[in-house]
Number of protein chains: 2
Amino acid sequence: MGRSRSSRPRQADIAREAGVSQATVSLVMNGKPEAVGIAPETVRRVREAAERLSYVANPAAVRLVGKRNRLLGVYTFAATFPVDVRDSYYPFLAGVEERAAGRGYDLLMFTASSGAHADALARVRLADGCVLFGREASIAMIERLLDDGFPIVYIGRRDELGDRIPYVGADYARASAEVVRRLAALGHERIAYLREPGDQPSTEDRARGVRAAGVPGVRVRAGGRVDSGWVRAQHAEGVTAFVAETVELHASLTGALADAGLRHPRDVSVAMLGDDVAPAPGAPVVSGFALPRREMGRQAADLLIDMLDERPGQGPRQRLLTCPPVAGETAGPARRAPLEGPE
Amino acid sequence: MGRSRSSRPRQADIAREAGVSQATVSLVMNGKPEAVGIAPETVRRVREAAERLSYVANPAAVRLVGKRNRLLGVYTFAATFPVDVRDSYYPFLAGVEERAAGRGYDLLMFTASSGAHADALARVRLADGCVLFGREASIAMIERLLDDGFPIVYIGRRDELGDRIPYVGADYARASAEVVRRLAALGHERIAYLREPGDQPSTEDRARGVRAAGVPGVRVRAGGRVDSGWVRAQHAEGVTAFVAETVELHASLTGALADAGLRHPRDVSVAMLGDDVAPAPGAPVVSGFALPRREMGRQAADLLIDMLDERPGQGPRQRLLTCPPVAGETAGPARRAPLEGPE
DNA sequence: TTGTAGGCGTTATCAG
DNA sequence: CTGATAACGCCTACAA
């Protein structure tokens, strides 16, 4: 008996069944039988035999010989925030997956368990190329991958490596400027802007946008959580609008506002330089702008696959997508500060 | 110069670097160097070279020789709904990922474009095992995997294959019964139940639960979208509550109710046999129950990894998790039907 | 203690 | 159209 039972059929088994050679089976199964000039009758016999034995090519063998695994890596630089970043991560993934599926790639998601970038540096190479994202990227790791000629695309702008690294980012600067201008148009003259510490491009870009808005009364606070004392003080100084860079800062801000007894948008306006992917049920839509996450994922995957398939890249290797503004419910017309006394 | 740049390093490359044979590299990398008796000095040299080149074993090659590659597969039988099922898919994925990360596995997500399940399910064998999910599973293919002894775990109950297939499902029957009983307790005597056509376990289980609730005035409608005419007719016949099996049916139902000028929960009550993962902003919380998606993902991954690592399975191979009820905002006390005339 | 050789299932290239 | 044969990258006896 040919193959031992319980092991799956190989091309050799089909060949025997159909009375042909294994090479013929390979040719038939690869879809180009007539191109090579194989008798229709033979093709039929082979196909039948394959069907009968319910043959499927061993993917490991196929990929081994193809020198490509048709795997698209997805690596996240885990953030250190308490909030589950995973939530904001899936929309990107959806976009990547959509394109990968369309172009015949599977996704290899590297789990951020160890967080040890050293190990990651190697594991990432399990895939043919890799989409990277997350603030707090390890530039050393990225540089190393680039040096080795390993194909990567970053989701999010990265300028640390000049034009060496392909990316698909969001135009934070422009969108942020618009947010501030909208607030100004609503009559807000003093605006407090809460930014993250550090110098990640995503942070710097937004800061630049805020400055570029050209609204004079903007004060900046870089750093962590805020409390009711701080917001009360700001309000007392005439601040009528708060702009938080991230979801985390926004959460901190709304908490502080609530503690301080300030309602928004009634007493003050609140905006965010981004959006909230996983809003609490019943929470108001935050004013700000939306990240085209899915589209970023799509374009990143396309860019990467173009590189892998050695296609002539259709577009630039570094792209910034525009972010649609979100009017939201947390910002409204400015109301002259605390002249009314409590309640 | 050894390998061409941009081609991933192989054991042969390391061997050259370390001045040993490729076989030695394999022995060292497989962790049993001292068992075979390799000089510590040699081991060190090999390890260093591997590190320097960021070596990782080619998963295809590993699989071809019949060894594990610590990749956990994830495959979704994409539904054919217009609504993006992906949304309800990520919470499961999050659970799977969490456990995979914790136990040292990376995730291999198999993508299937437009019902090409045959091809995709063949590729699945590149992983050590696979978590499957989605309604509309292809039983034939699952059976094939089982026959070949390929480790799989289904997320969702599957009874088509008896006890051959391990799964982690939700206890739809019990949760559904509770939904109906809650409506009854609110005074609803005539309830219209909209179920999907077909005989998927998830559908049948819920139907069984609805029957088991023991509420006499329940009428069933199996099939697609409903319109305002239908809901109006039901209402006229004294139906005061509607139960939709799925998000899709629920969406159709609320549309029809709006068209018919019926408000819920004021005029009629609405419940769902499940929850809405991606509710529209500002949409009310739908009464029904929650699927413990993340936990299902966790347990499925654990179950599968137990099989892969040949651990003594901690629990049963087929599990049903209970679904916490969700009071929601769409169901309320019954209000005697349309005796009040319009407006 | 280390190297050599055979094989996993497939593709691809030859000369027959 | 068919055999034979050489990769692909890795593992594992078996030799030395």
# chains A, B, ... in the order shown; residues from 1 in each chain; ligands from 1
>>> interface_residues(of="chain A", to="chain C", cutoff="12 Å", atoms="only C-alpha atoms (C1' of nucleotides)", output="list in words")
Arg8, Pro9, Arg10, Gln11, Ala12, Asp13, Gln22, Ala23, Thr24, Val25, Ser26, Leu27, Met29, Asn30, Val56, Ala57, Asn58, Pro59, Ala60, Ala61, Val62, Arg63, Leu64, Val65, Gly66 and Lys67 of chain A
>>> write_last_selection(atoms="N, CA and C atoms", output="PDB file, in the first residue's frame")
ATOM      1  N   ARG A   8      -1.506  12.302   4.969  1.00  0.00           N
ATOM      2  CA  ARG A   8      -2.223  12.855   3.831  1.00  0.00           C
ATOM      3  C   ARG A   8      -1.556  12.493   2.518  1.00  0.00           C
ATOM      4  N   PRO A   9      -2.334  12.467   1.474  1.00  0.00           N
ATOM      5  CA  PRO A   9      -1.815  12.047   0.174  1.00  0.00           C
ATOM      6  C   PRO A   9      -0.823  13.058  -0.382  1.00  0.00           C
ATOM      7  N   ARG A  10       0.180  12.530  -1.079  1.00  0.00           N
ATOM      8  CA  ARG A  10       1.155  13.411  -1.721  1.00  0.00           C
ATOM      9  C   ARG A  10       0.950  13.321  -3.227  1.00  0.00           C
ATOM     10  N   GLN A  11       1.678  14.108  -3.932  1.00  0.00           N
ATOM     11  CA  GLN A  11       1.536  14.061  -5.388  1.00  0.00           C
ATOM     12  C   GLN A  11       1.905  12.682  -5.904  1.00  0.00           C
ATOM     13  N   ALA A  12       2.835  12.051  -5.249  1.00  0.00           N
ATOM     14  CA  ALA A  12       3.250  10.713  -5.667  1.00  0.00           C
ATOM     15  C   ALA A  12       2.069   9.745  -5.626  1.00  0.00           C
ATOM     16  N   ASP A  13       1.214   9.898  -4.625  1.00  0.00           N
ATOM     17  CA  ASP A  13       0.055   9.012  -4.498  1.00  0.00           C
ATOM     18  C   ASP A  13      -0.901   9.213  -5.666  1.00  0.00           C
ATOM     19  N   GLN A  22       4.909  11.868 -11.183  1.00  0.00           N
ATOM     20  CA  GLN A  22       4.667  12.921 -10.193  1.00  0.00           C
ATOM     21  C   GLN A  22       4.819  14.302 -10.823  1.00  0.00           C
ATOM     22  N   ALA A  23       5.752  14.432 -11.714  1.00  0.00           N
ATOM     23  CA  ALA A  23       5.971  15.731 -12.359  1.00  0.00           C
ATOM     24  C   ALA A  23       4.715  16.177 -13.096  1.00  0.00           C
ATOM     25  N   THR A  24       4.073  15.230 -13.752  1.00  0.00           N
ATOM     26  CA  THR A  24       2.843  15.556 -14.463  1.00  0.00           C
ATOM     27  C   THR A  24       1.781  16.065 -13.496  1.00  0.00           C
ATOM     28  N   VAL A  25       1.692  15.400 -12.360  1.00  0.00           N
ATOM     29  CA  VAL A  25       0.726  15.835 -11.359  1.00  0.00           C
ATOM     30  C   VAL A  25       0.994  17.286 -10.979  1.00  0.00           C
ATOM     31  N   SER A  26       2.243  17.575 -10.727  1.00  0.00           N
ATOM     32  CA  SER A  26       2.598  18.942 -10.357  1.00  0.00           C
ATOM     33  C   SER A  26       2.159  19.929 -11.434  1.00  0.00           C
ATOM     34  N   LEU A  27       2.435  19.587 -12.663  1.00  0.00           N
ATOM     35  CA  LEU A  27       2.059  20.474 -13.761  1.00  0.00           C
ATOM     36  C   LEU A  27       0.554  20.681 -13.816  1.00  0.00           C
ATOM     37  N   MET A  29      -1.656  20.266 -11.435  1.00  0.00           N
ATOM     38  CA  MET A  29      -2.173  20.958 -10.264  1.00  0.00           C
ATOM     39  C   MET A  29      -1.820  22.440 -10.283  1.00  0.00           C
ATOM     40  N   ASN A  30      -0.781  22.778 -10.972  1.00  0.00           N
ATOM     41  CA  ASN A  30      -0.397  24.180 -10.995  1.00  0.00           C
ATOM     42  C   ASN A  30      -1.130  24.990 -12.047  1.00  0.00           C
ATOM     43  N   VAL A  56      -4.628  17.930  -1.187  1.00  0.00           N
ATOM     44  CA  VAL A  56      -4.300  19.352  -1.077  1.00  0.00           C
ATOM     45  C   VAL A  56      -2.795  19.462  -0.929  1.00  0.00           C
ATOM     46  N   ALA A  57      -2.234  20.376  -1.630  1.00  0.00           N
ATOM     47  CA  ALA A  57      -0.789  20.544  -1.562  1.00  0.00           C
ATOM     48  C   ALA A  57      -0.354  20.881  -0.147  1.00  0.00           C
ATOM     49  N   ASN A  58       0.728  20.351   0.245  1.00  0.00           N
ATOM     50  CA  ASN A  58       1.283  20.673   1.556  1.00  0.00           C
ATOM     51  C   ASN A  58       1.834  22.102   1.523  1.00  0.00           C
ATOM     52  N   PRO A  59       1.201  22.977   2.296  1.00  0.00           N
ATOM     53  CA  PRO A  59       1.595  24.384   2.225  1.00  0.00           C
ATOM     54  C   PRO A  59       3.050  24.608   2.634  1.00  0.00           C
ATOM     55  N   ALA A  60       3.519  23.798   3.545  1.00  0.00           N
ATOM     56  CA  ALA A  60       4.903  23.971   3.992  1.00  0.00           C
ATOM     57  C   ALA A  60       5.854  23.737   2.828  1.00  0.00           C
ATOM     58  N   ALA A  61       5.595  22.694   2.086  1.00  0.00           N
ATOM     59  CA  ALA A  61       6.471  22.375   0.957  1.00  0.00           C
ATOM     60  C   ALA A  61       6.386  23.456  -0.113  1.00  0.00           C
ATOM     61  N   VAL A  62       5.171  23.883  -0.372  1.00  0.00           N
ATOM     62  CA  VAL A  62       4.987  24.901  -1.405  1.00  0.00           C
ATOM     63  C   VAL A  62       5.765  26.169  -1.059  1.00  0.00           C
ATOM     64  N   ARG A  63       5.650  26.568   0.180  1.00  0.00           N
ATOM     65  CA  ARG A  63       6.316  27.807   0.564  1.00  0.00           C
ATOM     66  C   ARG A  63       7.818  27.648   0.636  1.00  0.00           C
ATOM     67  N   LEU A  64       8.213  26.463   1.034  1.00  0.00           N
ATOM     68  CA  LEU A  64       9.648  26.244   1.150  1.00  0.00           C
ATOM     69  C   LEU A  64      10.317  26.410  -0.209  1.00  0.00           C
ATOM     70  N   VAL A  65       9.702  25.804  -1.203  1.00  0.00           N
ATOM     71  CA  VAL A  65      10.313  25.869  -2.513  1.00  0.00           C
ATOM     72  C   VAL A  65      10.113  27.242  -3.149  1.00  0.00           C
ATOM     73  N   GLY A  66       9.053  27.900  -2.753  1.00  0.00           N
ATOM     74  CA  GLY A  66       8.774  29.211  -3.321  1.00  0.00           C
ATOM     75  C   GLY A  66       9.645  30.308  -2.738  1.00  0.00           C
ATOM     76  N   LYS A  67      10.409  29.965  -1.733  1.00  0.00           N
ATOM     77  CA  LYS A  67      11.295  30.924  -1.068  1.00  0.00           C
ATOM     78  C   LYS A  67      10.528  32.093  -0.458  1.00  0.00           C
TER      79      LYS A  67
END
>>> select_by_dssp(residues="range 66-216 of chain B", states="strand (DSSP E or B)", output="list in words")
Leu71, Leu72, Gly73, Val74, Tyr75, Thr76, Asp106, Leu107, Leu108, Met109, Phe110, Gly129, Cys130, Val131, Leu132, Phe133, Ile152, Val153, Tyr154, Ile155, Tyr167, Val168, Gly169, Ala170, Ile191, Ala192, Tyr193, Leu194 and Arg195 of chain B
>>> calpha_fit_and_write(fixed="chain B", moving="chain A", output="short mmCIF file (atom, residue, chain, number, x, y, z; two decimals) with C-alpha atoms, in the first residue's frame")
data_model
loop_
_atom_site.label_atom_id
_atom_site.label_comp_id
_atom_site.auth_asym_id
_atom_site.auth_seq_id
_atom_site.Cartn_x
_atom_site.Cartn_y
_atom_site.Cartn_z
CA MET A 1 34.68 34.73 1.37
CA GLY A 2 32.13 32.50 3.03
CA ARG A 3 28.58 33.43 2.32
CA SER A 4 27.81 35.69 -0.55
CA ARG A 5 27.06 39.14 0.72
CA SER A 6 23.43 40.18 1.00
CA SER A 7 22.44 36.70 1.99
CA ARG A 8 21.85 36.13 5.65
CA PRO A 9 24.33 34.26 7.78
CA ARG A 10 23.84 30.56 8.40
CA GLN A 11 25.07 28.45 11.24
CA ALA A 12 27.96 27.42 9.04
CA ASP A 13 29.11 31.04 8.91
CA ILE A 14 29.06 31.33 12.65
CA ALA A 15 30.86 28.05 13.01
CA ARG A 16 33.67 29.34 10.82
CA GLU A 17 33.86 32.62 12.73
CA ALA A 18 34.02 30.87 16.06
CA GLY A 19 36.25 28.10 14.90
CA VAL A 20 33.86 25.32 15.82
CA SER A 21 31.62 22.94 14.00
CA GLN A 22 28.18 23.74 12.75
CA ALA A 23 26.72 21.12 15.06
CA THR A 24 28.17 22.93 18.03
CA VAL A 25 26.56 26.14 16.88
CA SER A 26 23.23 24.41 16.70
CA LEU A 27 23.63 23.06 20.20
CA VAL A 28 24.63 26.41 21.62
CA MET A 29 21.83 28.26 19.87
CA ASN A 30 19.26 25.81 21.08
CA GLY A 31 19.96 26.74 24.61
CA LYS A 32 21.07 23.42 26.01
CA PRO A 33 24.84 23.82 25.81
CA GLU A 34 25.72 22.75 29.35
CA ALA A 35 23.33 19.85 29.19
CA VAL A 36 25.45 18.41 26.42
CA GLY A 37 28.63 19.52 28.10
CA ILE A 38 30.10 22.27 25.99
CA ALA A 39 32.87 24.42 27.43
CA PRO A 40 31.63 27.79 28.66
CA GLU A 41 34.42 29.37 26.72
CA THR A 42 33.21 27.78 23.52
CA VAL A 43 29.67 28.85 24.23
CA ARG A 44 30.86 32.39 24.67
CA ARG A 45 32.78 32.38 21.40
CA VAL A 46 29.81 31.04 19.51
CA ARG A 47 27.41 33.49 21.07
CA GLU A 48 29.72 36.35 20.25
CA ALA A 49 30.10 35.29 16.68
CA ALA A 50 26.36 34.92 16.32
CA GLU A 51 25.87 38.34 17.78
CA ARG A 52 28.51 39.86 15.54
CA LEU A 53 26.90 38.48 12.42
CA SER A 54 23.46 39.18 13.90
CA TYR A 55 22.44 35.65 13.25
CA VAL A 56 18.84 34.57 13.33
CA ALA A 57 17.76 31.07 12.57
CA ASN A 58 15.93 30.65 9.33
CA PRO A 59 12.36 30.03 10.43
CA ALA A 60 11.57 28.01 7.34
CA ALA A 61 14.33 25.55 8.08
CA VAL A 62 13.44 25.33 11.73
CA ARG A 63 9.84 24.54 11.00
CA LEU A 64 10.63 22.17 8.23
CA VAL A 65 12.71 20.00 10.45
CA GLY A 66 10.35 20.39 13.36
CA LYS A 67 7.54 18.90 11.29
CA ARG A 68 5.32 21.62 12.67
CA ASN A 69 4.79 25.12 11.48
CA ARG A 70 3.47 26.45 14.74
CA LEU A 71 0.65 28.02 12.84
CA LEU A 72 -2.88 28.19 14.14
CA GLY A 73 -5.41 28.49 11.37
CA VAL A 74 -8.46 30.70 11.61
CA TYR A 75 -11.17 30.05 9.12
CA THR A 76 -14.50 31.82 8.83
CA PHE A 77 -17.46 30.51 7.00
CA ALA A 78 -18.41 33.77 5.42
CA ALA A 79 -21.98 34.71 6.07
CA THR A 80 -24.07 35.99 3.27
CA PHE A 81 -25.35 38.97 5.15
CA PRO A 82 -24.96 42.47 3.89
CA VAL A 83 -23.74 43.59 7.28
CA ASP A 84 -20.03 43.19 7.71
CA VAL A 85 -19.64 40.10 9.83
CA ARG A 86 -16.01 40.95 10.23
CA ASP A 87 -16.94 43.25 13.05
CA SER A 88 -18.27 40.49 15.22
CA TYR A 89 -15.35 38.37 14.21
CA TYR A 90 -12.52 40.37 15.70
CA PRO A 91 -13.35 39.84 19.35
CA PHE A 92 -13.08 36.10 18.81
CA LEU A 93 -9.87 36.66 16.98
CA ALA A 94 -8.54 38.71 19.84
CA GLY A 95 -9.09 35.83 22.21
CA VAL A 96 -7.50 33.34 19.87
CA GLU A 97 -4.56 35.60 19.30
CA GLU A 98 -4.03 36.16 22.98
CA ARG A 99 -3.66 32.49 23.68
CA ALA A 100 -1.75 31.71 20.53
CA ALA A 101 0.78 34.35 21.43
CA GLY A 102 1.13 33.01 24.91
CA ARG A 103 1.80 29.54 23.67
CA GLY A 104 4.11 30.32 20.82
CA TYR A 105 1.84 30.01 17.83
CA ASP A 106 1.30 32.43 14.99
CA LEU A 107 -2.06 32.92 13.34
CA LEU A 108 -2.89 32.01 9.80
CA MET A 109 -6.04 33.75 8.72
CA PHE A 110 -7.67 32.31 5.70
CA THR A 111 -9.20 35.01 3.63
CA ALA A 112 -12.68 34.20 2.55
CA SER A 113 -12.09 35.55 -0.92
CA SER A 114 -13.21 32.76 -3.14
CA GLY A 115 -15.64 31.28 -0.70
CA ALA A 116 -14.88 28.07 -2.52
CA HIS A 117 -14.89 25.55 0.26
CA ALA A 118 -13.23 23.05 -2.00
CA ASP A 119 -10.08 25.09 -2.17
CA ALA A 120 -10.39 25.94 1.49
CA LEU A 121 -10.44 22.30 2.41
CA ALA A 122 -6.87 22.06 1.24
CA ARG A 123 -5.56 25.46 2.26
CA VAL A 124 -6.63 25.04 5.82
CA ARG A 125 -3.97 22.38 6.08
CA LEU A 126 -1.30 24.99 5.81
CA ALA A 127 -1.76 25.36 9.52
CA ASP A 128 -1.16 22.74 12.17
CA GLY A 129 -4.75 22.95 13.26
CA CYS A 130 -7.62 25.33 12.76
CA VAL A 131 -10.22 27.29 14.61
CA LEU A 132 -13.42 27.50 12.59
CA PHE A 133 -16.42 29.68 12.94
CA GLY A 134 -19.44 31.31 11.42
CA ARG A 135 -23.01 30.23 10.95
CA GLU A 136 -23.62 28.38 7.73
CA ALA A 137 -20.73 26.03 8.26
CA SER A 138 -20.04 23.45 5.62
CA ILE A 139 -20.58 20.22 7.45
CA ALA A 140 -19.11 18.28 4.59
CA MET A 141 -15.86 20.16 4.89
CA ILE A 142 -15.74 19.76 8.64
CA GLU A 143 -16.44 16.08 8.40
CA ARG A 144 -13.73 15.64 5.88
CA LEU A 145 -11.20 17.38 8.08
CA LEU A 146 -12.22 15.26 11.02
CA ASP A 147 -11.95 12.11 8.94
CA ASP A 148 -8.45 13.05 7.97
CA GLY A 149 -7.55 13.56 11.60
CA PHE A 150 -6.91 17.23 11.07
CA PRO A 151 -7.24 19.06 14.40
CA ILE A 152 -10.05 21.58 14.50
CA VAL A 153 -12.10 23.41 17.07
CA TYR A 154 -15.34 25.15 16.29
CA ILE A 155 -16.32 28.42 17.89
CA GLY A 156 -20.02 28.00 18.38
CA ARG A 157 -21.98 24.88 19.16
CA ARG A 158 -22.18 22.28 16.42
CA ASP A 159 -24.18 19.19 16.99
CA GLU A 160 -24.39 17.91 13.46
CA LEU A 161 -21.45 15.64 14.05
CA GLY A 162 -22.31 14.47 17.51
CA ASP A 163 -19.34 14.48 19.80
CA ARG A 164 -16.79 14.16 17.05
CA ILE A 165 -16.19 17.87 16.83
CA PRO A 166 -14.69 19.86 19.68
CA TYR A 167 -16.28 23.25 20.16
CA VAL A 168 -16.57 26.23 22.43
CA GLY A 169 -20.01 27.70 22.19
CA ALA A 170 -22.29 30.09 24.00
CA ASP A 171 -25.22 28.89 26.04
CA TYR A 172 -27.81 30.53 23.85
CA ALA A 173 -30.67 28.50 25.20
CA ARG A 174 -30.26 29.57 28.78
CA ALA A 175 -29.53 33.18 27.96
CA SER A 176 -32.49 33.39 25.58
CA ALA A 177 -34.85 31.97 28.13
CA GLU A 178 -33.73 34.60 30.57
CA VAL A 179 -34.38 37.38 28.11
CA VAL A 180 -37.94 36.26 27.61
CA ARG A 181 -38.50 35.78 31.30
CA ARG A 182 -37.21 39.25 31.99
CA LEU A 183 -39.69 40.67 29.52
CA ALA A 184 -42.45 38.70 31.12
CA ALA A 185 -41.41 40.03 34.50
CA LEU A 186 -41.73 43.52 33.08
CA GLY A 187 -45.34 42.76 32.39
CA HIS A 188 -45.18 41.83 28.72
CA GLU A 189 -47.78 39.20 28.00
CA ARG A 190 -47.64 39.06 24.25
CA ILE A 191 -44.21 38.86 22.76
CA ALA A 192 -43.26 38.56 19.11
CA TYR A 193 -40.13 36.56 18.49
CA LEU A 194 -38.32 37.05 15.19
CA ARG A 195 -36.07 34.18 14.32
CA GLU A 196 -33.86 33.44 11.39
CA PRO A 197 -34.98 30.81 8.94
CA GLY A 198 -32.88 27.67 8.71
CA ASP A 199 -31.80 25.23 11.33
CA GLN A 200 -28.36 26.33 12.43
CA PRO A 201 -27.65 25.27 16.01
CA SER A 202 -27.32 28.89 17.04
CA THR A 203 -30.85 29.51 15.81
CA GLU A 204 -32.35 26.32 17.16
CA ASP A 205 -30.76 26.76 20.55
CA ARG A 206 -32.22 30.20 20.96
CA ALA A 207 -35.63 29.02 19.81
CA ARG A 208 -35.47 26.24 22.33
CA GLY A 209 -34.56 28.71 25.03
CA VAL A 210 -37.45 30.96 24.13
CA ARG A 211 -39.84 28.04 24.38
CA ALA A 212 -38.25 26.86 27.61
CA ALA A 213 -38.93 30.23 29.19
CA GLY A 214 -42.46 29.00 29.67
CA VAL A 215 -44.08 32.27 28.76
CA PRO A 216 -47.36 31.51 27.01
CA GLY A 217 -47.91 34.62 24.90
CA VAL A 218 -44.92 34.21 22.64
CA ARG A 219 -45.53 34.13 18.91
CA VAL A 220 -42.81 33.16 16.50
CA ARG A 221 -42.00 34.54 13.10
CA ALA A 222 -39.29 32.86 11.12
CA GLY A 223 -37.87 34.71 8.19
CA GLY A 224 -36.38 37.81 6.76
CA ARG A 225 -36.98 41.51 7.09
CA VAL A 226 -40.10 42.90 8.63
CA ASP A 227 -41.90 46.09 7.72
CA SER A 228 -43.98 48.73 9.42
CA GLY A 229 -47.21 47.04 8.42
CA TRP A 230 -46.25 43.90 10.25
CA VAL A 231 -45.17 45.57 13.46
CA ARG A 232 -48.24 47.74 13.47
CA ALA A 233 -50.43 44.70 13.10
CA GLN A 234 -48.63 42.92 15.92
CA HIS A 235 -48.96 45.92 18.13
CA ALA A 236 -52.63 46.15 17.36
CA GLU A 237 -52.99 42.57 18.46
CA GLY A 238 -51.56 43.43 21.81
CA VAL A 239 -47.90 42.63 21.31
CA THR A 240 -45.86 44.88 23.57
CA ALA A 241 -42.41 43.37 23.16
CA PHE A 242 -40.34 42.24 20.23
CA VAL A 243 -37.41 39.88 20.42
CA ALA A 244 -35.03 39.71 17.49
CA GLU A 245 -32.68 36.79 17.16
CA THR A 246 -29.82 38.53 15.37
CA VAL A 247 -28.40 41.96 14.74
CA GLU A 248 -29.75 41.82 11.24
CA LEU A 249 -33.28 41.10 12.37
CA HIS A 250 -32.94 43.69 15.08
CA ALA A 251 -31.91 46.30 12.56
CA SER A 252 -34.82 45.39 10.36
CA LEU A 253 -37.13 45.54 13.36
CA THR A 254 -36.06 48.95 14.59
CA GLY A 255 -36.38 50.29 11.08
CA ALA A 256 -39.91 48.96 10.85
CA LEU A 257 -40.80 50.32 14.28
CA ALA A 258 -39.55 53.75 13.33
CA ASP A 259 -41.57 53.63 10.12
CA ALA A 260 -44.61 52.62 12.09
CA GLY A 261 -44.14 55.52 14.44
CA LEU A 262 -43.58 53.27 17.41
CA ARG A 263 -40.90 54.32 19.86
CA HIS A 264 -39.07 51.99 22.12
CA PRO A 265 -38.93 51.51 24.98
CA ARG A 266 -41.79 53.96 25.34
CA ASP A 267 -44.42 52.29 23.19
CA VAL A 268 -42.98 48.82 22.92
CA SER A 269 -39.99 46.95 24.26
CA VAL A 270 -37.28 45.49 22.12
CA ALA A 271 -34.73 42.85 22.98
CA MET A 272 -32.17 40.84 21.12
CA LEU A 273 -30.87 37.33 21.63
CA GLY A 274 -27.30 38.51 21.60
CA ASP A 275 -25.52 41.84 21.45
CA ASP A 276 -24.39 44.38 18.94
CA VAL A 277 -20.64 44.46 18.59
CA ALA A 278 -20.51 47.59 16.54
CA PRO A 279 -23.35 49.81 17.61
CA ALA A 280 -23.86 53.06 15.79
CA PRO A 281 -22.55 56.02 17.81
CA GLY A 282 -25.25 57.26 20.10
CA ALA A 283 -27.39 54.18 19.64
CA PRO A 284 -28.98 52.85 22.82
CA VAL A 285 -27.61 49.71 24.38
CA VAL A 286 -29.81 46.90 23.22
CA SER A 287 -31.41 44.73 25.89
CA GLY A 288 -30.41 41.10 25.61
CA PHE A 289 -27.25 39.30 26.54
CA ALA A 290 -23.57 39.51 25.78
CA LEU A 291 -21.55 36.88 24.02
CA PRO A 292 -18.28 36.21 25.80
CA ARG A 293 -16.51 36.37 22.46
CA ARG A 294 -13.04 36.93 23.68
CA GLU A 295 -13.28 34.15 26.20
CA MET A 296 -14.67 31.83 23.56
CA GLY A 297 -11.69 32.66 21.41
CA ARG A 298 -9.33 32.02 24.27
CA GLN A 299 -10.78 28.68 25.15
CA ALA A 300 -10.99 27.54 21.56
CA ALA A 301 -7.34 28.34 21.03
CA ASP A 302 -6.36 26.61 24.23
CA LEU A 303 -8.34 23.54 23.33
CA LEU A 304 -6.78 23.37 19.90
CA ILE A 305 -3.26 23.91 21.13
CA ASP A 306 -3.77 21.25 23.75
CA MET A 307 -4.60 18.90 20.93
CA LEU A 308 -1.60 19.97 18.89
CA ASP A 309 0.82 19.72 21.74
CA GLU A 310 -0.75 16.47 22.76
CA ARG A 311 -1.52 17.76 26.18
CA PRO A 312 -4.04 16.01 28.34
CA GLY A 313 -7.04 18.20 27.53
CA GLN A 314 -7.78 20.09 30.72
CA GLY A 315 -11.47 20.25 30.20
CA PRO A 316 -14.23 18.75 28.08
CA ARG A 317 -13.87 18.95 24.34
CA GLN A 318 -17.29 20.51 24.01
CA ARG A 319 -18.07 23.53 26.11
CA LEU A 320 -20.87 26.03 26.48
CA LEU A 321 -20.05 29.35 28.08
CA THR A 322 -22.67 31.35 29.88
CA CYS A 323 -23.71 34.72 28.50
CA PRO A 324 -24.05 37.61 30.92
CA PRO A 325 -27.43 39.34 30.63
CA VAL A 326 -27.54 42.93 29.45
CA ALA A 327 -30.34 45.04 30.85
CA GLY A 328 -29.95 47.60 28.11
CA GLU A 329 -32.11 50.57 27.30
CA THR A 330 -34.53 49.21 24.78
CA ALA A 331 -36.80 47.25 27.04
CA GLY A 332 -39.02 48.62 29.74
CA PRO A 333 -42.26 47.95 31.55
CA ALA A 334 -45.14 46.83 29.39
CA ARG A 335 -47.59 49.47 28.39
CA ARG A 336 -51.07 48.43 27.49
CA ALA A 337 -51.39 48.61 23.77
CA PRO A 338 -52.70 51.26 21.46
CA LEU A 339 -55.60 52.48 23.49
CA GLU A 340 -54.44 56.05 23.45
CA GLY A 341 -55.01 56.98 19.83
CA PRO A 342 -52.34 58.65 17.75
CA GLU A 343 -50.10 61.25 19.35
#
>>> interface_residues(of="chain D", to="chain A", cutoff="10 Å", atoms="only C-alpha atoms (C1' of nucleotides)", output="PDB file with C-alpha atoms (C1' of nucleotides), in the first residue's frame")
ATOM      1  C1'  DC D   1       4.542  13.586 -22.167  1.00  0.00           C
ATOM      2  C1'  DT D   2       7.960  11.140 -18.607  1.00  0.00           C
ATOM      3  C1'  DG D   3      11.843  10.004 -15.539  1.00  0.00           C
ATOM      4  C1'  DA D   7      17.035  22.759  -4.926  1.00  0.00           C
ATOM      5  C1'  DC D   8      14.186  24.912  -0.682  1.00  0.00           C
ATOM      6  C1'  DG D   9      15.705  24.955   4.982  1.00  0.00           C
TER       7       DG D   9
END
>>> select_by_dssp(residues="range 69-241 of chain A", states="helix (DSSP H, G or I)", output="VMD selection string")
chain A and resid 86 to 102 117 to 126 139 to 147 172 to 185 201 to 212 228 to 236
>>> decode(residues="range 5-13 of chain C", atoms="C-alpha atoms (C1' of nucleotides)", output="CSV table (one decimal), in the first residue's frame")
chain,number,residue,atom,x,y,z
C,5,DA,C1',23.9,12.1,4.4
C,6,DG,C1',19.2,11.2,3.8
C,7,DG,C1',14.6,12.8,3.6
C,8,DC,C1',10.2,15.8,4.5
C,9,DG,C1',6.7,17.4,-0.2
C,10,DT,C1',6.9,20.5,-3.9
C,11,DT,C1',8.6,23.0,-7.9
C,12,DA,C1',11.3,23.4,-11.9
C,13,DT,C1',14.5,22.0,-15.4
